[in-house]
>>> print(open('data_35.cif').read())   # mmCIF, C-alpha atoms
data_coords
#
loop_
_atom_site.label_atom_id
_atom_site.label_comp_id
_atom_site.auth_asym_id
_atom_site.auth_seq_id
_atom_site.Cartn_x
_atom_site.Cartn_y
_atom_site.Cartn_z
CA PHE V 7 -9.66 79.41 116.38
CA GLU V 8 -9.56 79.17 112.58
CA LYS V 9 -13.04 80.69 112.39
CA TYR V 10 -11.92 83.84 114.24
CA ALA V 11 -8.33 84.08 112.95
CA SER V 12 -9.04 87.09 110.73
CA ASP V 13 -10.76 88.94 113.57
CA ILE V 14 -7.91 88.21 115.98
CA LYS V 15 -5.32 89.34 113.42
CA GLY V 16 -7.40 92.45 112.75
CA LEU V 17 -7.54 93.24 116.46
CA ILE V 18 -3.77 92.76 116.81
CA TRP V 19 -3.15 95.08 113.84
CA LEU V 20 -5.63 97.60 115.28
CA ALA V 21 -3.99 97.52 118.72
CA GLY V 22 -0.53 97.95 117.20
CA THR V 23 -1.77 100.80 115.02
CA LEU V 24 -3.41 102.57 117.96
CA PHE V 25 -0.25 102.11 120.06
CA LEU V 26 1.90 103.51 117.27
CA GLY V 27 -0.46 106.43 116.65
CA ALA V 28 -0.64 107.28 120.36
CA SER V 29 3.15 107.09 120.58
CA LEU V 30 3.64 109.41 117.61
CA VAL V 31 0.96 111.93 118.58
CA SER V 32 2.29 112.28 122.13
CA TYR V 33 5.98 112.46 121.18
CA SER V 34 7.97 114.94 123.23
CA ALA V 35 11.59 115.85 122.60
CA ALA V 36 11.96 116.07 126.39
CA ASP V 37 11.12 112.38 126.91
CA PRO V 38 13.85 109.79 127.44
CA SER V 39 14.77 108.48 123.99
CA PHE V 40 17.57 107.93 121.51
CA ASN V 41 17.61 111.68 120.92
CA SER V 42 17.53 112.85 124.53
CA LEU V 43 19.79 112.33 127.52
CA VAL V 44 17.02 112.63 130.10
CA HIS V 45 17.48 110.47 133.20
CA LEU V 46 15.51 107.25 132.80
CA SER V 47 13.81 107.76 136.16
CA ALA V 48 11.99 110.76 134.64
CA ARG V 49 8.40 109.92 133.77
CA PRO V 50 7.84 110.22 130.01
CA HIS V 51 5.05 112.43 128.68
CA ASN V 52 4.38 109.88 125.94
CA LEU V 53 1.01 108.17 126.26
CA CYS V 54 2.69 104.79 125.73
CA GLY V 55 5.46 105.26 128.30
CA PHE V 56 9.11 104.54 127.71
CA ILE V 57 8.46 102.13 124.85
CA GLY V 58 6.29 104.69 123.09
CA ALA V 59 8.86 107.44 123.65
CA PHE V 60 11.68 105.38 122.16
CA LEU V 61 9.48 104.06 119.33
CA ALA V 62 8.25 107.53 118.34
CA ASP V 63 11.75 109.01 118.55
CA GLY V 64 13.25 106.23 116.44
CA LEU V 65 10.55 106.46 113.77
CA TYR V 66 10.63 110.26 113.64
CA GLN V 67 14.43 110.22 113.43
CA VAL V 68 14.45 107.71 110.57
CA PHE V 69 11.31 108.66 108.61
CA GLY V 70 10.23 112.09 109.88
CA VAL V 71 6.50 112.75 109.55
CA SER V 72 6.34 109.88 107.07
CA ALA V 73 6.16 107.65 110.15
CA TRP V 74 2.44 108.41 110.06
CA VAL V 75 2.21 106.44 106.82
CA LEU V 76 2.96 103.37 108.97
CA VAL V 77 -0.17 104.17 111.01
CA LEU V 78 -2.21 104.27 107.80
CA CYS V 79 -0.64 100.99 106.64
CA GLY V 80 -1.49 99.31 109.94
CA ALA V 81 -5.05 100.62 109.85
CA ARG V 82 -5.45 99.31 106.31
CA GLN V 83 -4.08 95.90 107.28
CA SER V 84 -6.47 95.78 110.24
CA LEU V 85 -9.42 96.65 107.99
CA LEU V 86 -8.40 94.00 105.44
CA ASN V 87 -8.30 91.40 108.20
CA PHE V 88 -11.73 92.40 109.48
CA LYS V 89 -13.09 92.16 105.93
CA GLY V 90 -11.45 88.74 105.50
CA ARG V 91 -9.35 89.93 102.55
CA ALA V 92 -5.93 90.04 104.23
CA HIS V 93 -4.98 86.50 103.20
CA ARG V 94 -4.34 87.78 99.66
CA GLN V 95 -2.08 90.54 100.90
CA GLU V 96 -0.06 88.95 103.72
CA GLY V 97 2.82 87.59 101.67
CA GLY V 98 3.65 90.63 99.59
CA GLN V 99 2.02 93.74 101.02
CA TRP V 100 4.85 94.68 103.40
CA TRP V 101 7.14 95.77 100.58
CA VAL V 102 4.44 98.09 99.20
CA ASP V 103 4.09 99.64 102.67
CA LEU V 104 7.85 100.06 102.94
CA LEU V 105 8.16 101.58 99.46
CA LEU V 106 5.30 103.95 100.24
CA VAL V 107 7.00 105.15 103.43
CA VAL V 108 10.36 105.57 101.66
CA CYS V 109 8.76 107.40 98.72
CA VAL V 110 6.89 109.85 100.99
CA THR V 111 10.04 110.30 103.10
CA CYS V 112 12.10 111.17 100.03
CA LEU V 113 9.43 113.51 98.65
CA LEU V 114 9.30 115.40 101.95
CA SER V 115 13.07 115.63 102.05
CA LEU V 116 13.27 116.77 98.44
CA HIS V 117 10.61 119.47 98.63
CA LEU V 118 10.67 120.50 102.32
CA GLY V 119 14.11 119.31 103.37
CA GLU V 120 15.04 122.40 105.37
CA ILE V 121 12.08 122.12 107.73
CA ARG V 122 12.79 120.68 111.16
CA MET V 123 10.29 119.78 113.87
CA PHE V 124 10.31 119.34 117.63
CA ASN V 125 12.70 122.14 118.54
CA GLY V 126 14.81 121.49 115.45
CA GLN V 127 15.69 117.92 116.44
CA ILE V 128 13.77 116.04 113.76
CA ARG V 129 14.06 116.48 109.99
CA ILE V 130 10.67 116.52 108.27
CA GLY V 131 11.76 113.64 106.02
CA GLY V 132 13.92 111.95 108.65
CA TRP V 133 17.46 110.79 108.16
CA ALA V 134 16.46 108.13 105.65
CA GLY V 135 14.89 110.72 103.39
CA TYR V 136 17.79 113.10 103.82
CA ILE V 137 20.45 110.50 102.97
CA LEU V 138 18.54 108.92 100.07
CA THR V 139 17.55 112.26 98.58
CA LYS V 140 21.04 113.75 98.81
CA GLY V 141 22.51 110.67 97.12
CA LEU V 142 19.91 110.50 94.37
CA VAL V 143 20.02 114.25 93.62
CA LYS V 144 23.70 113.87 92.76
CA SER V 145 22.75 111.31 90.10
CA ILE V 146 19.58 112.68 88.53
CA ASN V 147 19.19 116.24 89.92
CA ASP V 148 16.15 117.70 91.68
CA VAL V 149 13.74 117.66 88.75
CA GLY V 150 14.64 114.12 87.67
CA LEU V 151 14.24 112.84 91.22
CA ALA V 152 10.91 114.62 91.62
CA ILE V 153 9.62 112.99 88.42
CA VAL V 154 10.78 109.53 89.56
CA LEU V 155 9.37 109.91 93.09
CA TRP V 156 5.98 111.31 92.05
CA THR V 157 5.66 108.54 89.44
CA CYS V 158 6.54 105.91 92.05
CA LEU V 159 3.97 107.39 94.44
CA ALA V 160 1.29 107.29 91.72
CA GLY V 161 2.11 103.65 90.97
CA LEU V 162 2.15 102.69 94.64
CA LEU V 163 -1.24 104.31 95.16
CA VAL V 164 -2.68 102.17 92.35
CA VAL V 165 -1.30 99.02 93.99
CA TYR V 166 -2.28 100.18 97.46
CA THR V 167 -5.85 101.23 96.68
CA GLU V 168 -6.40 98.40 94.16
CA ARG V 169 -7.94 100.94 91.81
CA SER V 170 -6.75 102.05 88.39
CA TRP V 171 -5.91 105.67 87.71
CA SER V 172 -8.78 105.81 85.23
CA ASP V 173 -11.14 104.92 88.11
CA LEU V 174 -9.55 107.51 90.36
CA VAL V 175 -9.46 110.28 87.75
CA GLN V 176 -12.92 109.72 86.23
CA SER V 177 -14.74 110.03 89.52
CA PRO V 178 -12.48 111.02 92.39
CA ARG V 179 -15.40 112.26 94.48
CA GLU V 180 -17.30 108.98 94.02
CA THR V 181 -14.15 106.98 94.76
CA ILE V 182 -13.58 108.84 98.00
CA GLU V 183 -17.25 108.54 98.94
CA ASP V 184 -17.22 104.79 98.13
CA TRP V 185 -14.11 104.33 100.27
CA ILE V 186 -15.64 106.25 103.20
CA LEU V 187 -18.92 104.33 102.94
CA ALA V 188 -17.13 100.97 102.66
CA THR V 189 -14.94 101.81 105.65
CA TRP V 190 -17.97 102.92 107.67
CA ALA V 191 -19.93 99.78 106.72
CA ALA V 192 -16.97 97.55 107.64
CA LEU V 193 -16.62 99.25 111.01
CA LYS V 194 -20.35 98.96 111.75
CA SER V 195 -20.54 95.25 110.87
#
>>> encode(input="data_35.cif", output="structure tokens")
Amino acid sequence: FEKYASDIKGLIWLAGTLFLGASLVSYSAADPSFNSLVHLSARPHNLCGFIGAFLADGLYQVFGVSAWVLVLCGARQSLLNFKGRAHRQEGGQWWVDLLLVVCVTCLLSLHLGEIRMFNGQIRIGGWAGYILTKGLVKSINDVGLAIVLWTCLAGLLVVYTERSWSDLVQSPRETIEDWILATWAALKS
């Protein structure tokens, strides 16, 4: 089992990521969920059934479209496990994922806060972004909060990609190409 532990963890992360992605992409405001009083005997439109409907509704309510960052985080964790590099990340990576989601949520709420999705039921930045942004704007105003959030996002991307900004800025095209080629090679092997 020890020999295949990384592969099994990678498959579990991949399955969870696919389940989450399918739940989010097939979200319907008409499905039974926290946000809808549809009779539970109604068949949900969500590809992942009742669990997917409730999961997608909860994540969209809390994080808005930033819930998709969780899909990217899960995909990254799966890839790290398949590459055998996840053991370095397991203990401390979850807080980076959480900060990334919160940062994107707050940025969406700050800059696009009036936009609502799914028949006006879901805020683009979710309730977490709305509450955090409203509270922080009172302390440091819109411009100050934008500076703090964009700086946090830049720092989190350095930690997340494990690349310095000088690497990213000097050759962004090569960095993206390297990442695509590495991802493709990892998937093929």
>>> atom_distance(input="data_35.cif", atom1="CA of Asn147 (chain V)", atom2="CA of Val75 (chain V)")
25.9 Å
>>> residues_around(input="data_35.cif", residues="His117 (chain V)", least_positions_apart="4", cutoff="9 Å", atoms="all atoms listed in the file", output="PyMOL selection string")
chain V and resi 112-113+152
>>> closest_residue(input="data_35.cif", among="V:Trp19, V:Tyr166, V:Phe56, V:Trp190", to="Ser34 (chain V)", atoms="only C-alpha atoms")
V:Phe56
>>> atom_distance(input="data_35.cif", atom1="CA of Val154 (chain V)", atom2="CA of Met123 (chain V)")
26.4 Å
>>> atom_distance(input="data_35.cif", atom1="CA of Leu114 (chain V)", atom2="CA of Ala134 (chain V)")
10.9 Å
